[in-house]
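The structure under discussion appears below in the form of structure tokens.
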Amino acid sequence: MMLSDNDLLKYSRQIMLPQLDIDGQQKLLNSQVLVIGLGGLGAPVALYLAGAGVQRLILVDDDKVEISNLHRQVIHRNQSQGESKVNSAKCRLNELNPDGEVVTYEQRLNEKELLPLIEQSDVVADCSDNFETRFLLNRLCNKLQTPLVSGAAIRWEGQLTTFTMQPDTPCYRCLYDEISATDQSCSSNGIMGPVVGIIGSMQALEVIKLITGCGKPHVGQLTLFDGLDLSFNKLMFSPVKDCPVCSK
């Protein structure tokens, strides 16, 4: 789709950025992003991508809105309790960007179901809360060479990294061992709401950069955030020579 006069006005503040310009906005308006998880991370990711003009958002989550979600999952409302997270999110996104398209899947998708969605998408945003989903997305994105932006948060800490799935770049399996990885939940460890807002916003920024070609993607780098002292630390990592996913 081409930019209308309304688009030029709506997105004028980001079109002003020389790195983005009209060409970058056009890419956003022609893009599709798959968002896995509409909780604390997926909420700001979906809101900022819709606000930026991403044309088509595919939302996947099998959970329903609970009162304990509301302090951090800012896309949902008090009256959304009991409603599926994807439908609650879709209502908010349609209000924010009525020109965009939102497709929802109120279920956990298997490999066969995920493959065509990933293949059709420009970027996948992993906002899930378990290693099983993260490792599956990594394998499928690597297979299809679809960029993957991964975020995670627990307690006061968060982390972010990006995988372009290009030759000589690492994948998620290079960073974490599938055998020893152990899930940690917010229900048992707690989570400070603004922490997921920070990490989710950074994920949205990475997605926008990948789509538009602005800046440098956060590849081979793991950024760790500590909300207690407001510190960011960056760890560098490389492809693992015998990685069972990307070395093949």
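Each chain in the structure tokens gets a letter, A, B, ..., in the order shown, and its residues are numbered from 1; ligands are numbered from 1 in order too.
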Check your understanding: Counting only C-alpha atoms, what is within 9 Å of Tyr172 (chain A), bar same-chain residues fewer than 4 positions away, as a list of chain:residue names?
Key ->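 Selected residues are A:Arg134, A:Phe135, A:Asn138, A:Arg139, A:Ser150, A:Thr161, A:Thr162, A:Phe163, A:Tyr176, A:Asp177, A:Val245.
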Write the selection just made, keeping N, CA and C atoms, as a PDB file, in the first residue's frame?
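Dumped everything to again_32.pdb:
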ATOM      1  N   ARG A 134      10.391 -20.970  22.990  1.00  0.00           N
ATOM      2  CA  ARG A 134      11.553 -20.221  22.486  1.00  0.00           C
ATOM      3  C   ARG A 134      12.439 -21.085  21.599  1.00  0.00           C
ATOM      4  N   PHE A 135      12.695 -22.307  22.031  1.00  0.00           N
ATOM      5  CA  PHE A 135      13.536 -23.192  21.220  1.00  0.00           C
ATOM      6  C   PHE A 135      12.837 -23.587  19.918  1.00  0.00           C
ATOM      7  N   ASN A 138      13.029 -20.650  17.555  1.00  0.00           N
ATOM      8  CA  ASN A 138      14.395 -20.523  17.062  1.00  0.00           C
ATOM      9  C   ASN A 138      14.660 -21.501  15.923  1.00  0.00           C
ATOM     10  N   ARG A 139      14.235 -22.761  16.105  1.00  0.00           N
ATOM     11  CA  ARG A 139      14.452 -23.757  15.058  1.00  0.00           C
ATOM     12  C   ARG A 139      13.725 -23.393  13.766  1.00  0.00           C
ATOM     13  N   SER A 150      14.120 -11.666  20.541  1.00  0.00           N
ATOM     14  CA  SER A 150      13.814 -12.414  21.756  1.00  0.00           C
ATOM     15  C   SER A 150      13.953 -11.530  22.993  1.00  0.00           C
ATOM     16  N   THR A 161      17.847  -9.840  22.899  1.00  0.00           N
ATOM     17  CA  THR A 161      18.799 -10.102  21.824  1.00  0.00           C
ATOM     18  C   THR A 161      18.032 -10.330  20.534  1.00  0.00           C
ATOM     19  N   THR A 162      18.739 -10.244  19.411  1.00  0.00           N
ATOM     20  CA  THR A 162      18.142 -10.395  18.086  1.00  0.00           C
ATOM     21  C   THR A 162      18.919 -11.418  17.285  1.00  0.00           C
ATOM     22  N   PHE A 163      18.187 -12.213  16.525  1.00  0.00           N
ATOM     23  CA  PHE A 163      18.795 -13.216  15.649  1.00  0.00           C
ATOM     24  C   PHE A 163      18.320 -12.967  14.217  1.00  0.00           C
ATOM     25  N   TYR A 176      21.640 -20.686  24.798  1.00  0.00           N
ATOM     26  CA  TYR A 176      21.092 -21.500  25.874  1.00  0.00           C
ATOM     27  C   TYR A 176      21.086 -22.976  25.495  1.00  0.00           C
ATOM     28  N   ASP A 177      21.431 -23.806  26.446  1.00  0.00           N
ATOM     29  CA  ASP A 177      21.427 -25.248  26.267  1.00  0.00           C
ATOM     30  C   ASP A 177      20.008 -25.770  26.477  1.00  0.00           C
ATOM     31  N   VAL A 245      21.345 -26.517  15.821  1.00  0.00           N
ATOM     32  CA  VAL A 245      20.386 -25.793  14.981  1.00  0.00           C
ATOM     33  C   VAL A 245      21.071 -25.055  13.849  1.00  0.00           C
TER      34      VAL A 245
END
At a cut-off of 9 Å, can you tabulate as JSON lines every residue of region 126-237 of chain A near region 65-84 of chain A together with its closest atom pair and the distance in Å to one decimal, using only C-alpha atoms and ordering rows by chain then number?
{"residue": "A:Ile191", "atom": "CA", "partner": "A:Arg72", "partner_atom": "CA", "distance": 8.4}
{"residue": "A:Met192", "atom": "CA", "partner": "A:Arg72", "partner_atom": "CA", "distance": 7.5}
{"residue": "A:Gly193", "atom": "CA", "partner": "A:Arg72", "partner_atom": "CA", "distance": 4.1}
{"residue": "A:Pro194", "atom": "CA", "partner": "A:Arg72", "partner_atom": "CA", "distance": 6.8}
{"residue": "A:Val195", "atom": "CA", "partner": "A:Arg72", "partner_atom": "CA", "distance": 8.6}
{"residue": "A:Val196", "atom": "CA", "partner": "A:Arg72", "partner_atom": "CA", "distance": 7.1}
{"residue": "A:Gly197", "atom": "CA", "partner": "A:Arg72", "partner_atom": "CA", "distance": 7.4}
Those residues you just picked out, can you put them in a file as a PDB file, in the first residue's frame with C-alpha atoms?
ATOM      1  CA  ILE A 191       7.770  -9.291  38.207  1.00  0.00           C
ATOM      2  CA  MET A 192       7.979  -5.497  38.323  1.00  0.00           C
ATOM      3  CA  GLY A 193       5.648  -4.110  35.652  1.00  0.00           C
ATOM      4  CA  PRO A 194       7.865  -1.404  34.114  1.00  0.00           C
ATOM      5  CA  VAL A 195      10.633  -3.973  33.547  1.00  0.00           C
ATOM      6  CA  VAL A 196       8.588  -5.833  30.919  1.00  0.00           C
ATOM      7  CA  GLY A 197       7.591  -2.447  29.502  1.00  0.00           C
TER       8      GLY A 197
END
Review point. So, counting only C-alpha atoms, which residue among A:Ile211, A:Ile199, A:Leu137, A:Val45 is closest to Ala153 (chain A)?
Key: A:Ile199
Practice item. Among the residues of region 50-235 of chain A, find those DSSP assigns to alpha helix (DSSP H) from the backbone and print them as JSON, numbers by chain. Key: {"A": [50, 51, 52, 85, 86, 87, 88, 89, 90, 91, 92, 93, 94, 95, 96, 111, 112, 113, 114, 115, 116, 117, 118, 119, 120, 131, 132, 133, 134, 135, 136, 137, 138, 139, 140, 141, 142, 143, 144, 172, 173, 174, 175, 186, 187, 188, 189, 193, 194, 195, 196, 197, 198, 199, 200, 201, 202, 203, 204, 205, 206, 207, 208, 209, 210, 211, 212]}
At a cut-off of 7 Å, can you tabulate as a Markdown table every residue of region 135-165 of chain A near region 222-238 of chain A together with its closest atom pair and the distance in Å to one decimal, using only C-alpha atoms and ordering rows by chain then number?
| residue | atom | partner | partner_atom | distance |
| --- | --- | --- | --- | --- |
| A:Trp156 | CA | A:Gly227 | CA | 5.1 |
| A:Glu157 | CA | A:Asp226 | CA | 4.7 |
| A:Gly158 | CA | A:Phe225 | CA | 5.0 |
| A:Gln159 | CA | A:Leu224 | CA | 4.5 |
| A:Leu160 | CA | A:Thr223 | CA | 5.3 |
| A:Thr161 | CA | A:Leu222 | CA | 5.0 |
Need to verify the contact set: Glu206 (chain A), 8 Å, only C-alpha atoms, exclusion of same-chain residues closer than 3 positions in sequence. Can you return it as a PDB file with N, CA and C atoms, in the first residue's frame?
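Contents of selection-v1.pdb, freshly written:
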ATOM      1  N   VAL A 149      13.315 -11.681  17.244  1.00  0.00           N
ATOM      2  CA  VAL A 149      13.679 -10.769  18.335  1.00  0.00           C
ATOM      3  C   VAL A 149      13.187 -11.381  19.638  1.00  0.00           C
ATOM      4  N   THR A 162      18.739 -10.244  19.411  1.00  0.00           N
ATOM      5  CA  THR A 162      18.142 -10.395  18.086  1.00  0.00           C
ATOM      6  C   THR A 162      18.919 -11.418  17.285  1.00  0.00           C
ATOM      7  N   MET A 202      11.951  -2.220  23.804  1.00  0.00           N
ATOM      8  CA  MET A 202      13.196  -2.462  23.075  1.00  0.00           C
ATOM      9  C   MET A 202      12.998  -3.520  21.989  1.00  0.00           C
ATOM     10  N   GLN A 203      12.180  -4.527  22.275  1.00  0.00           N
ATOM     11  CA  GLN A 203      11.865  -5.521  21.243  1.00  0.00           C
ATOM     12  C   GLN A 203      11.168  -4.863  20.054  1.00  0.00           C
ATOM     13  N   LYS A 209      13.567  -1.642  13.384  1.00  0.00           N
ATOM     14  CA  LYS A 209      14.882  -1.525  12.735  1.00  0.00           C
ATOM     15  C   LYS A 209      15.091  -2.608  11.684  1.00  0.00           C
ATOM     16  N   LEU A 210      14.702  -3.832  11.999  1.00  0.00           N
ATOM     17  CA  LEU A 210      14.879  -4.928  11.048  1.00  0.00           C
ATOM     18  C   LEU A 210      14.036  -4.721   9.796  1.00  0.00           C
ATOM     19  N   PRO A 217      21.145  -4.057  13.857  1.00  0.00           N
ATOM     20  CA  PRO A 217      20.427  -5.006  14.711  1.00  0.00           C
ATOM     21  C   PRO A 217      21.302  -5.542  15.838  1.00  0.00           C
ATOM     22  N   HIS A 218      20.674  -5.927  16.917  1.00  0.00           N
ATOM     23  CA  HIS A 218      21.353  -6.337  18.147  1.00  0.00           C
ATOM     24  C   HIS A 218      21.744  -7.812  18.072  1.00  0.00           C
TER      25      HIS A 218
END
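A straight line drawn from CA of Ser121 (chain A) to CA of Glu178 (chain A) is 25.3 Å long.
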Exercise for review: Considering only C-alpha atoms, return as number ranges by chain whatever protein or nucleic-acid residues lie within 6 Å of Ile36 (chain A), sequence-local ones (same chain, fewer than 2 positions apart) excluded.
Suggested key: A: 60, 126-128
Review point. Which distance in Å separates CA of Leu175 (chain A) and CA of Ala125 (chain A), to one decimal?
Key: 17.2 Å
Check your understanding: Hey, can you check how far CA of Arg13 (chain A) sits from CA of Val124 (chain A)?
Key -> 25.3 Å
